[in-house]
file start29.txt (compact mmCIF, C-alpha atoms)
# COMPACT_ATOMS: atom_id res chain seq x y z
CA MET A 1 129.00 83.47 131.73
CA ALA A 2 127.71 86.12 134.08
CA LYS A 3 123.94 86.31 133.89
CA ALA A 4 121.99 89.51 133.95
CA ARG A 5 119.45 89.84 136.70
CA ARG A 6 115.92 90.55 135.64
CA GLY A 7 115.28 94.25 135.59
CA LYS A 8 118.84 95.23 134.66
CA MET A 9 117.95 95.22 130.95
CA ALA A 10 115.09 97.65 131.36
CA ALA A 11 117.06 100.87 130.66
CA MET A 12 115.83 102.89 127.66
CA PRO A 13 117.87 101.69 124.67
CA ARG A 14 119.88 104.22 122.66
CA ARG A 15 119.21 104.19 118.94
CA ILE A 16 122.24 103.42 116.78
CA GLU A 17 122.89 102.91 113.08
CA ARG A 18 124.64 100.20 111.09
CA ASP A 19 128.21 101.44 111.44
CA GLU A 20 127.95 101.57 115.21
CA VAL A 21 126.34 98.13 115.29
CA ARG A 22 129.36 96.74 113.44
CA ARG A 23 131.76 98.54 115.75
CA LEU A 24 130.00 97.20 118.85
CA LEU A 25 129.95 93.67 117.42
CA ASP A 26 133.69 93.89 116.84
CA GLN A 27 133.98 94.76 120.52
CA GLY A 28 131.99 91.69 121.58
CA ALA A 29 128.46 93.05 121.83
CA GLN A 30 125.54 90.62 121.95
CA LEU A 31 123.00 90.82 119.17
CA VAL A 32 119.34 90.04 119.80
CA GLU A 33 116.66 89.67 117.15
CA VAL A 34 113.21 90.17 118.65
CA LEU A 35 111.22 88.91 115.65
CA PRO A 36 109.29 85.61 115.81
CA LYS A 37 111.31 82.38 115.69
CA GLU A 38 110.26 81.53 112.11
CA GLU A 39 111.64 84.83 110.79
CA PHE A 40 114.83 84.42 112.79
CA GLU A 41 115.41 80.91 111.47
CA GLU A 42 114.88 82.10 107.92
CA GLU A 43 117.56 84.79 108.17
CA HIS A 44 119.29 86.81 110.87
CA LEU A 45 122.39 88.91 111.46
CA PRO A 46 125.59 86.92 112.10
CA GLY A 47 125.87 85.71 115.67
CA ALA A 48 122.43 86.96 116.71
CA ILE A 49 120.29 85.10 119.21
CA ASN A 50 116.52 85.10 119.09
CA ILE A 51 114.36 86.38 121.91
CA PRO A 52 110.90 87.13 120.50
CA LEU A 53 109.56 90.42 121.80
CA ARG A 54 106.69 88.82 123.74
CA ARG A 55 109.22 86.72 125.71
CA ILE A 56 111.97 89.28 126.19
CA ASP A 57 111.17 90.08 129.81
CA ALA A 58 111.25 86.42 130.73
CA ARG A 59 114.32 85.37 128.71
CA ALA A 60 116.70 88.37 128.57
CA GLY A 61 118.11 87.90 132.05
CA GLU A 62 118.57 84.20 131.44
CA LEU A 63 120.28 84.43 128.04
CA LEU A 64 122.30 87.64 128.09
CA ASP A 65 125.61 88.51 129.68
CA SER A 66 125.11 91.72 131.64
CA SER A 67 128.81 92.60 131.33
CA ARG A 68 128.65 93.03 127.54
CA PRO A 69 126.70 95.54 125.44
CA VAL A 70 123.43 94.35 123.95
CA VAL A 71 122.10 95.42 120.54
CA VAL A 72 118.46 94.61 119.80
CA TYR A 73 116.83 94.80 116.40
CA CYS A 74 113.68 93.87 114.53
CA TRP A 75 112.79 94.29 110.85
CA ASP A 76 112.88 98.11 110.77
CA ASP A 77 111.41 101.11 112.56
CA PRO A 78 107.94 100.36 113.89
CA MET B 1 121.37 98.52 125.66
CA TYR B 2 121.26 99.71 122.06
CA ASP B 3 118.48 99.73 119.50
CA TYR B 4 119.45 99.13 115.88
CA GLY B 5 116.33 100.95 114.74
CA SER B 6 116.77 100.48 111.01
CA GLY B 7 117.02 96.77 111.72
CA LYS B 8 117.35 93.71 109.56
CA GLN B 9 115.99 95.45 106.50
CA ASP B 10 118.84 97.98 106.60
CA TRP B 11 121.46 95.25 107.13
CA LEU B 12 120.16 93.21 104.20
CA ALA B 13 119.87 96.28 101.98
CA ALA B 14 123.55 96.97 102.60
CA GLY B 15 124.37 93.50 101.26
CA LEU B 16 126.04 92.42 104.51
CA PRO B 17 126.42 88.75 105.46
CA THR B 18 123.66 86.89 107.25
CA GLU B 19 122.98 83.46 108.74
CA GLY B 20 119.93 81.22 108.57
CA ARG B 21 117.99 78.96 106.22
CA VAL B 22 117.92 81.34 103.24
CA ALA B 23 121.24 83.10 103.86
CA SER B 24 123.03 81.21 101.09
CA TRP B 25 120.32 81.70 98.49
CA PRO B 26 121.47 83.75 95.50
CA ARG B 27 120.35 87.37 95.59
CA ALA B 28 120.17 90.30 93.25
CA GLY B 29 123.42 91.66 94.68
CA THR B 30 125.41 88.48 94.17
CA VAL B 31 124.31 88.00 90.55
CA ALA B 32 124.53 91.67 89.49
CA ARG B 33 127.48 92.55 87.29
CA THR B 34 129.86 95.06 88.75
CA ASP B 35 131.50 95.96 85.44
CA ALA B 36 128.49 97.80 84.00
CA PRO B 37 129.39 101.15 82.41
CA THR B 38 128.69 104.33 84.34
CA SER B 39 128.81 107.98 83.45
CA SER B 40 128.63 111.33 85.19
CA LEU B 41 126.10 114.08 84.59
CA ASP B 42 128.46 116.35 82.70
CA GLU B 43 129.73 113.90 80.08
CA ARG B 44 128.44 114.05 76.48
CA ARG B 45 126.14 111.47 74.98
CA GLY B 46 128.41 110.61 72.05
CA GLU B 47 131.44 109.63 74.14
CA VAL B 48 129.32 107.69 76.63
CA ALA B 49 127.42 105.79 73.92
CA GLU B 50 130.71 104.80 72.32
CA ARG B 51 132.10 103.57 75.63
CA VAL B 52 128.93 101.60 76.38
CA ARG B 53 128.93 99.90 72.97
CA ALA B 54 132.65 99.10 73.19
CA ALA B 55 132.06 97.41 76.54
CA GLY B 56 129.29 95.26 75.03
CA TRP B 57 126.49 96.81 77.05
CA ASP B 58 123.20 98.46 76.07
CA VAL B 59 122.66 100.33 79.31
CA CYS B 60 124.65 102.87 81.32
CA VAL B 61 124.06 104.02 84.89
CA VAL B 62 124.51 107.71 85.65
CA VAL B 63 126.11 108.20 89.06
CA ASN B 64 127.59 111.00 91.13
CA GLU B 65 131.04 110.99 92.75
CA GLU B 66 129.80 108.76 95.58
CA ARG B 67 128.31 106.34 93.02
CA VAL B 68 124.77 107.24 94.04
CA VAL B 69 122.46 106.41 91.13
CA LEU B 70 120.99 109.50 89.46
CA GLY B 71 119.68 108.18 86.16
CA LEU B 72 119.79 105.57 83.44
CA LEU B 73 120.63 105.55 79.75
CA ARG B 74 119.12 102.84 77.57
CA GLY B 75 118.83 102.53 73.78
CA GLU B 76 116.93 105.69 72.93
CA GLN B 77 118.73 107.81 75.52
CA LEU B 78 122.05 106.72 74.01
CA GLU B 79 121.02 107.78 70.50
CA GLY B 80 120.62 111.27 69.10
CA ASP B 81 122.76 114.39 69.30
CA PRO B 82 126.19 113.26 70.53
CA GLY B 83 126.81 116.68 72.04
CA THR B 84 123.89 116.49 74.50
CA ARG B 85 124.90 116.49 78.15
CA ILE B 86 124.07 113.26 79.98
CA GLU B 87 122.04 115.25 82.49
CA GLU B 88 119.63 116.15 79.68
CA ALA B 89 119.76 112.77 77.92
CA MET B 90 119.22 110.42 80.88
CA ARG B 91 116.01 109.08 82.35
CA PRO B 92 116.23 110.43 85.91
CA GLY B 93 115.33 108.54 89.09
CA PRO B 94 115.17 104.99 87.73
CA SER B 95 113.67 102.11 89.73
CA THR B 96 116.33 100.22 91.63
CA PHE B 97 116.33 97.05 93.70
CA ARG B 98 118.16 96.11 96.87
CA PRO B 99 120.92 93.47 96.92
CA HIS B 100 119.06 91.09 99.24
CA VAL B 101 116.08 90.41 96.95
CA PRO B 102 116.07 86.65 96.11
CA ILE B 103 117.14 86.02 92.54
CA ALA B 104 114.03 83.96 91.71
CA GLU B 105 111.86 86.91 92.72
CA MET B 106 113.97 89.25 90.60
CA ALA B 107 113.83 86.96 87.56
CA ARG B 108 110.06 86.66 87.80
CA TYR B 109 109.63 90.43 88.15
CA MET B 110 111.96 91.23 85.25
CA VAL B 111 110.21 88.78 82.92
CA GLU B 112 106.72 89.91 83.92
CA HIS B 113 107.60 93.59 83.52
CA ASP B 114 109.76 93.14 80.42
CA LEU B 115 112.70 94.72 82.24
CA PRO B 116 115.98 93.89 80.43
CA SER B 117 118.24 95.12 83.25
CA THR B 118 118.09 97.11 86.45
CA PRO B 119 120.52 98.86 88.79
CA ILE B 120 121.00 97.25 92.20
CA THR B 121 121.67 99.78 94.95
CA ASN B 122 122.32 99.56 98.66
CA GLY B 123 120.24 101.37 101.27
CA ASP B 124 122.17 104.59 100.63
CA GLY B 125 121.36 104.53 96.91
CA ILE B 126 124.95 103.59 95.98
CA LEU B 127 125.34 101.41 92.90
CA VAL B 128 126.20 97.78 93.69
CA GLY B 129 125.90 96.54 90.10
CA VAL B 130 123.54 95.99 87.20
CA LEU B 131 121.39 92.88 87.09
CA ARG B 132 120.60 91.59 83.61
CA ARG B 133 117.42 89.61 83.03
CA GLU B 134 119.27 86.70 81.38
CA ASP B 135 121.67 86.46 84.33
CA ALA B 136 118.77 86.53 86.80
CA ALA B 137 116.85 83.85 84.89
CA VAL B 138 119.87 81.55 84.57
CA ALA B 139 120.80 81.97 88.24
CA ALA B 140 117.20 81.36 89.35
CA LEU B 141 116.92 78.18 87.26
CA GLU B 142 120.28 76.92 88.49
CA TRP B 143 119.33 77.59 92.09
CA GLN B 144 115.96 75.81 91.65
CA ARG B 145 117.73 72.80 90.13
CA ARG B 146 120.22 72.60 93.00
CA HIS B 147 117.48 73.15 95.57
CA ALA B 148 115.43 70.30 94.06
CA GLU B 149 118.48 67.99 94.09
CA GLU B 150 119.18 68.77 97.74
CA HIS B 151 115.55 67.97 98.55
CA ASP B 152 115.74 64.70 96.64
CA HIS B 153 118.92 63.70 98.45
CA GLY B 154 117.93 65.12 101.80

call {"tool": "encode", "arguments": {"input": "start29.txt", "output": "structure tokens"}}
result
Amino acid sequence: MAKARRGKMAAMPRRIERDEVRRLLDQGAQLVEVLPKEEFEEEHLPGAINIPLRRIDARAGELLDSSRPVVVYCWDDP
Amino acid sequence: MYDYGSGKQDWLAAGLPTEGRVASWPRAGTVARTDAPTSSLDERRGEVAERVRAAGWDVCVVVNEERVVLGLLRGEQLEGDPGTRIEEAMRPGPSTFRPHVPIAEMARYMVEHDLPSTPITNGDGILVGVLRREDAAVAALEWQRRHAEEHDHG
């Protein structure tokens, strides 16, 4: 798997809604839940990986494939 | 990169599949009955009440063409002048619950608040089904029994 270099994930994310999330997932997008590990383990969207927000800078480049779209989510709007 | 701003809450409210420790727990949306009677605003009370009784129900959900919940008809709203339009007879804007609420939580709430049944709606207000208190209580007890057995054998 191609790994993203640190810094490549820093672009301002574009807000999307549920239908587009599903469409992107069908096209192979990666799904990232940024909530704490305990909440992720309790329940998460299918196929999501967990990168808690406080660790996202350190782990995103290591865990994500820069060639595929990335969808991040938390519980709801802050 | 994309931001699913409405997040996990929106996904769960839509009743979509999930993974994780509690993903298989029974929820309001899985126990709710999908055959509950519905009516539109412009029907008459008499015909609706007859339909509801014939179907063996004591509640009817008033919905629009998109099945968005507009009101509720229970006992007293189903009695009286049969010529009254449902729009005038119904109790508008009833409380609803989302499909992802755990069934044990629903059962407890419905018992504590003496709520015989309640519409379950997705995040867009569209009717998923009607949850009856007896169904919620039975499902919650069954789930607790199974959960206890799994613990004992685990």

call {"tool": "interface_residues", "arguments": {"input": "start29.txt", "of": "chain A", "to": "chain B", "cutoff": "12 Å", "atoms": "only C-alpha atoms", "output": "ChimeraX atom specification"}}
result
/A:8-22,24-25,29-35,37-50,60,64-78

call {"tool": "residues_near_point", "arguments": {"input": "start29.txt", "point": "(117.6, 107.1, 70.1)", "cutoff": "12 Å", "atoms": "all atoms listed in the file", "output": "list in words"}}
result
Arg45, Gly46, Ala49, Asp58, Leu73, Arg74, Gly75, Glu76, Gln77, Leu78, Glu79, Gly80, Asp81, Pro82, Ala89 and Met90 of chain B

call {"tool": "axis_aligned_box", "arguments": {"input": "start29.txt", "around": "stretch 19-26 of chain B", "padding_each_side": "5 Å", "output": "JSON"}}
result
{"center_x": 120.5, "center_y": 81.4, "center_z": 102.1, "size_x": 15.1, "size_y": 14.8, "size_z": 23.2}

call {"tool": "atom_distance", "arguments": {"input": "start29.txt", "atom1": "atom CA of B:Ala36", "atom2": "atom CA of B:Val69"}}
result
12.7 Å

call {"tool": "atom_distance", "arguments": {"input": "start29.txt", "atom1": "atom CA of B:Ala136", "atom2": "atom CA of B:Thr38"}}
result
20.5 Å

call {"tool": "atom_distance", "arguments": {"input": "start29.txt", "atom1": "atom CA of B:Arg53", "atom2": "atom CA of B:Pro37"}}
result
9.5 Å

call {"tool": "residues_around", "arguments": {"input": "start29.txt", "residues": "B:Arg108", "least_positions_apart": "4", "cutoff": "12 Å", "atoms": "all atoms listed in the file", "output": "list in words"}}
result
Val101, Pro102, Ile103, Ala104, Glu112, His113, Asp114, Leu115, Pro116, Arg133, Glu134, Ala136, Ala137, Val138, Ala139, Ala140 and Leu141 of chain B

call {"tool": "decode", "arguments": {"input": "start29.txt", "residues": "stretch 11-61 of chain B", "atoms": "N, CA and C atoms", "output": "PDB file, in the first residue's frame"}}
result
ATOM      1  N   TRP B  11     -25.352   8.698  10.881  1.00  0.00           N
ATOM      2  CA  TRP B  11     -25.308   7.343  10.311  1.00  0.00           C
ATOM      3  C   TRP B  11     -26.204   6.400  11.120  1.00  0.00           C
ATOM      4  N   LEU B  12     -26.060   6.478  12.447  1.00  0.00           N
ATOM      5  CA  LEU B  12     -26.867   5.624  13.324  1.00  0.00           C
ATOM      6  C   LEU B  12     -28.349   5.981  13.212  1.00  0.00           C
ATOM      7  N   ALA B  13     -28.630   7.274  13.155  1.00  0.00           N
ATOM      8  CA  ALA B  13     -30.031   7.718  13.080  1.00  0.00           C
ATOM      9  C   ALA B  13     -30.708   7.230  11.808  1.00  0.00           C
ATOM     10  N   ALA B  14     -29.906   7.009  10.771  1.00  0.00           N
ATOM     11  CA  ALA B  14     -30.463   6.508   9.508  1.00  0.00           C
ATOM     12  C   ALA B  14     -30.667   4.993   9.550  1.00  0.00           C
ATOM     13  N   GLY B  15     -30.236   4.367  10.648  1.00  0.00           N
ATOM     14  CA  GLY B  15     -30.425   2.921  10.779  1.00  0.00           C
ATOM     15  C   GLY B  15     -29.481   2.114   9.903  1.00  0.00           C
ATOM     16  N   LEU B  16     -28.347   2.684   9.532  1.00  0.00           N
ATOM     17  CA  LEU B  16     -27.401   1.981   8.657  1.00  0.00           C
ATOM     18  C   LEU B  16     -26.521   1.026   9.470  1.00  0.00           C
ATOM     19  N   PRO B  17     -25.944   0.033   8.803  1.00  0.00           N
ATOM     20  CA  PRO B  17     -25.152  -0.968   9.537  1.00  0.00           C
ATOM     21  C   PRO B  17     -23.912  -0.372  10.190  1.00  0.00           C
ATOM     22  N   THR B  18     -23.487  -1.010  11.267  1.00  0.00           N
ATOM     23  CA  THR B  18     -22.278  -0.583  11.955  1.00  0.00           C
ATOM     24  C   THR B  18     -21.473  -1.817  12.346  1.00  0.00           C
ATOM     25  N   GLU B  19     -20.268  -1.580  12.865  1.00  0.00           N
ATOM     26  CA  GLU B  19     -19.437  -2.647  13.410  1.00  0.00           C
ATOM     27  C   GLU B  19     -19.035  -2.246  14.829  1.00  0.00           C
ATOM     28  N   GLY B  20     -18.568  -3.226  15.601  1.00  0.00           N
ATOM     29  CA  GLY B  20     -18.105  -2.916  16.955  1.00  0.00           C
ATOM     30  C   GLY B  20     -18.838  -3.737  17.999  1.00  0.00           C
ATOM     31  N   ARG B  21     -18.460  -3.512  19.250  1.00  0.00           N
ATOM     32  CA  ARG B  21     -18.936  -4.335  20.369  1.00  0.00           C
ATOM     33  C   ARG B  21     -20.452  -4.327  20.507  1.00  0.00           C
ATOM     34  N   VAL B  22     -21.096  -3.179  20.284  1.00  0.00           N
ATOM     35  CA  VAL B  22     -22.547  -3.114  20.521  1.00  0.00           C
ATOM     36  C   VAL B  22     -23.355  -3.151  19.222  1.00  0.00           C
ATOM     37  N   ALA B  23     -22.649  -3.367  18.097  1.00  0.00           N
ATOM     38  CA  ALA B  23     -23.332  -3.264  16.798  1.00  0.00           C
ATOM     39  C   ALA B  23     -24.479  -4.259  16.640  1.00  0.00           C
ATOM     40  N   SER B  24     -24.362  -5.420  17.289  1.00  0.00           N
ATOM     41  CA  SER B  24     -25.407  -6.430  17.120  1.00  0.00           C
ATOM     42  C   SER B  24     -26.491  -6.338  18.191  1.00  0.00           C
ATOM     43  N   TRP B  25     -26.376  -5.394  19.090  1.00  0.00           N
ATOM     44  CA  TRP B  25     -27.405  -5.269  20.111  1.00  0.00           C
ATOM     45  C   TRP B  25     -28.722  -4.850  19.473  1.00  0.00           C
ATOM     46  N   PRO B  26     -29.848  -5.369  19.982  1.00  0.00           N
ATOM     47  CA  PRO B  26     -31.130  -4.956  19.396  1.00  0.00           C
ATOM     48  C   PRO B  26     -31.417  -3.485  19.676  1.00  0.00           C
ATOM     49  N   ARG B  27     -32.008  -2.840  18.695  1.00  0.00           N
ATOM     50  CA  ARG B  27     -32.279  -1.393  18.770  1.00  0.00           C
ATOM     51  C   ARG B  27     -33.763  -1.147  18.528  1.00  0.00           C
ATOM     52  N   ALA B  28     -34.123   0.099  18.771  1.00  0.00           N
ATOM     53  CA  ALA B  28     -35.518   0.497  18.542  1.00  0.00           C
ATOM     54  C   ALA B  28     -35.942   0.169  17.107  1.00  0.00           C
ATOM     55  N   GLY B  29     -35.061   0.433  16.157  1.00  0.00           N
ATOM     56  CA  GLY B  29     -35.405   0.260  14.750  1.00  0.00           C
ATOM     57  C   GLY B  29     -35.563  -1.183  14.324  1.00  0.00           C
ATOM     58  N   THR B  30     -34.869  -2.095  15.019  1.00  0.00           N
ATOM     59  CA  THR B  30     -34.972  -3.499  14.618  1.00  0.00           C
ATOM     60  C   THR B  30     -36.180  -4.176  15.253  1.00  0.00           C
ATOM     61  N   VAL B  31     -36.666  -3.622  16.366  1.00  0.00           N
ATOM     62  CA  VAL B  31     -37.814  -4.222  17.060  1.00  0.00           C
ATOM     63  C   VAL B  31     -39.134  -3.558  16.635  1.00  0.00           C
ATOM     64  N   ALA B  32     -39.064  -2.335  16.135  1.00  0.00           N
ATOM     65  CA  ALA B  32     -40.275  -1.615  15.724  1.00  0.00           C
ATOM     66  C   ALA B  32     -41.017  -2.390  14.645  1.00  0.00           C
ATOM     67  N   ARG B  33     -42.334  -2.323  14.716  1.00  0.00           N
ATOM     68  CA  ARG B  33     -43.163  -2.997  13.703  1.00  0.00           C
ATOM     69  C   ARG B  33     -43.367  -2.066  12.510  1.00  0.00           C
ATOM     70  N   THR B  34     -43.205  -2.649  11.351  1.00  0.00           N
ATOM     71  CA  THR B  34     -43.311  -1.835  10.146  1.00  0.00           C
ATOM     72  C   THR B  34     -44.703  -1.894   9.519  1.00  0.00           C
ATOM     73  N   ASP B  35     -45.606  -2.667  10.180  1.00  0.00           N
ATOM     74  CA  ASP B  35     -46.956  -2.795   9.613  1.00  0.00           C
ATOM     75  C   ASP B  35     -47.972  -1.911  10.344  1.00  0.00           C
ATOM     76  N   ALA B  36     -47.483  -0.958  11.129  1.00  0.00           N
ATOM     77  CA  ALA B  36     -48.402  -0.081  11.866  1.00  0.00           C
ATOM     78  C   ALA B  36     -49.225   0.754  10.884  1.00  0.00           C
ATOM     79  N   PRO B  37     -50.512   0.985  11.213  1.00  0.00           N
ATOM     80  CA  PRO B  37     -51.340   1.771  10.291  1.00  0.00           C
ATOM     81  C   PRO B  37     -50.909   3.239  10.219  1.00  0.00           C
ATOM     82  N   THR B  38     -51.063   3.795   9.042  1.00  0.00           N
ATOM     83  CA  THR B  38     -50.756   5.219   8.837  1.00  0.00           C
ATOM     84  C   THR B  38     -51.956   5.875   8.157  1.00  0.00           C
ATOM     85  N   SER B  39     -51.990   7.186   8.249  1.00  0.00           N
ATOM     86  CA  SER B  39     -53.033   7.906   7.522  1.00  0.00           C
ATOM     87  C   SER B  39     -52.458   9.226   7.025  1.00  0.00           C
ATOM     88  N   SER B  40     -53.195   9.839   6.124  1.00  0.00           N
ATOM     89  CA  SER B  40     -52.783  11.156   5.627  1.00  0.00           C
ATOM     90  C   SER B  40     -53.647  12.226   6.293  1.00  0.00           C
ATOM     91  N   LEU B  41     -53.251  13.463   6.132  1.00  0.00           N
ATOM     92  CA  LEU B  41     -53.938  14.576   6.798  1.00  0.00           C
ATOM     93  C   LEU B  41     -55.391  14.725   6.355  1.00  0.00           C
ATOM     94  N   ASP B  42     -55.670  14.394   5.083  1.00  0.00           N
ATOM     95  CA  ASP B  42     -56.996  14.712   4.568  1.00  0.00           C
ATOM     96  C   ASP B  42     -57.996  13.554   4.631  1.00  0.00           C
ATOM     97  N   GLU B  43     -57.626  12.468   5.298  1.00  0.00           N
ATOM     98  CA  GLU B  43     -58.605  11.396   5.503  1.00  0.00           C
ATOM     99  C   GLU B  43     -59.568  11.797   6.627  1.00  0.00           C
ATOM    100  N   ARG B  44     -60.630  11.011   6.773  1.00  0.00           N
ATOM    101  CA  ARG B  44     -61.639  11.288   7.826  1.00  0.00           C
ATOM    102  C   ARG B  44     -61.453  10.309   8.981  1.00  0.00           C
ATOM    103  N   ARG B  45     -61.751  10.801  10.168  1.00  0.00           N
ATOM    104  CA  ARG B  45     -61.507  10.011  11.378  1.00  0.00           C
ATOM    105  C   ARG B  45     -62.210   8.649  11.357  1.00  0.00           C
ATOM    106  N   GLY B  46     -63.466   8.625  10.883  1.00  0.00           N
ATOM    107  CA  GLY B  46     -64.227   7.383  10.919  1.00  0.00           C
ATOM    108  C   GLY B  46     -63.566   6.271  10.131  1.00  0.00           C
ATOM    109  N   GLU B  47     -63.139   6.567   8.897  1.00  0.00           N
ATOM    110  CA  GLU B  47     -62.543   5.526   8.053  1.00  0.00           C
ATOM    111  C   GLU B  47     -61.187   5.072   8.611  1.00  0.00           C
ATOM    112  N   VAL B  48     -60.449   6.025   9.166  1.00  0.00           N
ATOM    113  CA  VAL B  48     -59.130   5.683   9.716  1.00  0.00           C
ATOM    114  C   VAL B  48     -59.294   4.813  10.962  1.00  0.00           C
ATOM    115  N   ALA B  49     -60.217   5.213  11.846  1.00  0.00           N
ATOM    116  CA  ALA B  49     -60.431   4.453  13.088  1.00  0.00           C
ATOM    117  C   ALA B  49     -60.833   3.015  12.767  1.00  0.00           C
ATOM    118  N   GLU B  50     -61.668   2.862  11.747  1.00  0.00           N
ATOM    119  CA  GLU B  50     -62.099   1.518  11.355  1.00  0.00           C
ATOM    120  C   GLU B  50     -60.911   0.686  10.864  1.00  0.00           C
ATOM    121  N   ARG B  51     -60.089   1.318  10.050  1.00  0.00           N
ATOM    122  CA  ARG B  51     -58.907   0.629   9.510  1.00  0.00           C
ATOM    123  C   ARG B  51     -57.948   0.222  10.632  1.00  0.00           C
ATOM    124  N   VAL B  52     -57.761   1.124  11.592  1.00  0.00           N
ATOM    125  CA  VAL B  52     -56.837   0.865  12.698  1.00  0.00           C
ATOM    126  C   VAL B  52     -57.340  -0.312  13.531  1.00  0.00           C
ATOM    127  N   ARG B  53     -58.630  -0.289  13.859  1.00  0.00           N
ATOM    128  CA  ARG B  53     -59.211  -1.378  14.661  1.00  0.00           C
ATOM    129  C   ARG B  53     -59.114  -2.710  13.910  1.00  0.00           C
ATOM    130  N   ALA B  54     -59.434  -2.675  12.624  1.00  0.00           N
ATOM    131  CA  ALA B  54     -59.411  -3.914  11.826  1.00  0.00           C
ATOM    132  C   ALA B  54     -58.006  -4.518  11.770  1.00  0.00           C
ATOM    133  N   ALA B  55     -57.003  -3.655  11.849  1.00  0.00           N
ATOM    134  CA  ALA B  55     -55.619  -4.142  11.800  1.00  0.00           C
ATOM    135  C   ALA B  55     -55.121  -4.574  13.175  1.00  0.00           C
ATOM    136  N   GLY B  56     -55.955  -4.403  14.211  1.00  0.00           N
ATOM    137  CA  GLY B  56     -55.573  -4.827  15.553  1.00  0.00           C
ATOM    138  C   GLY B  56     -54.665  -3.854  16.279  1.00  0.00           C
ATOM    139  N   TRP B  57     -54.694  -2.605  15.866  1.00  0.00           N
ATOM    140  CA  TRP B  57     -53.853  -1.590  16.494  1.00  0.00           C
ATOM    141  C   TRP B  57     -54.712  -0.601  17.281  1.00  0.00           C
ATOM    142  N   ASP B  58     -54.060   0.172  18.167  1.00  0.00           N
ATOM    143  CA  ASP B  58     -54.762   1.232  18.884  1.00  0.00           C
ATOM    144  C   ASP B  58     -54.077   2.574  18.664  1.00  0.00           C
ATOM    145  N   VAL B  59     -53.212   2.611  17.671  1.00  0.00           N
ATOM    146  CA  VAL B  59     -52.498   3.849  17.356  1.00  0.00           C
ATOM    147  C   VAL B  59     -52.308   3.934  15.843  1.00  0.00           C
ATOM    148  N   CYS B  60     -52.291   5.170  15.349  1.00  0.00           N
ATOM    149  CA  CYS B  60     -52.096   5.388  13.907  1.00  0.00           C
ATOM    150  C   CYS B  60     -51.154   6.588  13.736  1.00  0.00           C
ATOM    151  N   VAL B  61     -50.204   6.449  12.830  1.00  0.00           N
ATOM    152  CA  VAL B  61     -49.242   7.524  12.603  1.00  0.00           C
ATOM    153  C   VAL B  61     -49.677   8.319  11.368  1.00  0.00           C
TER     154      VAL B  61
END
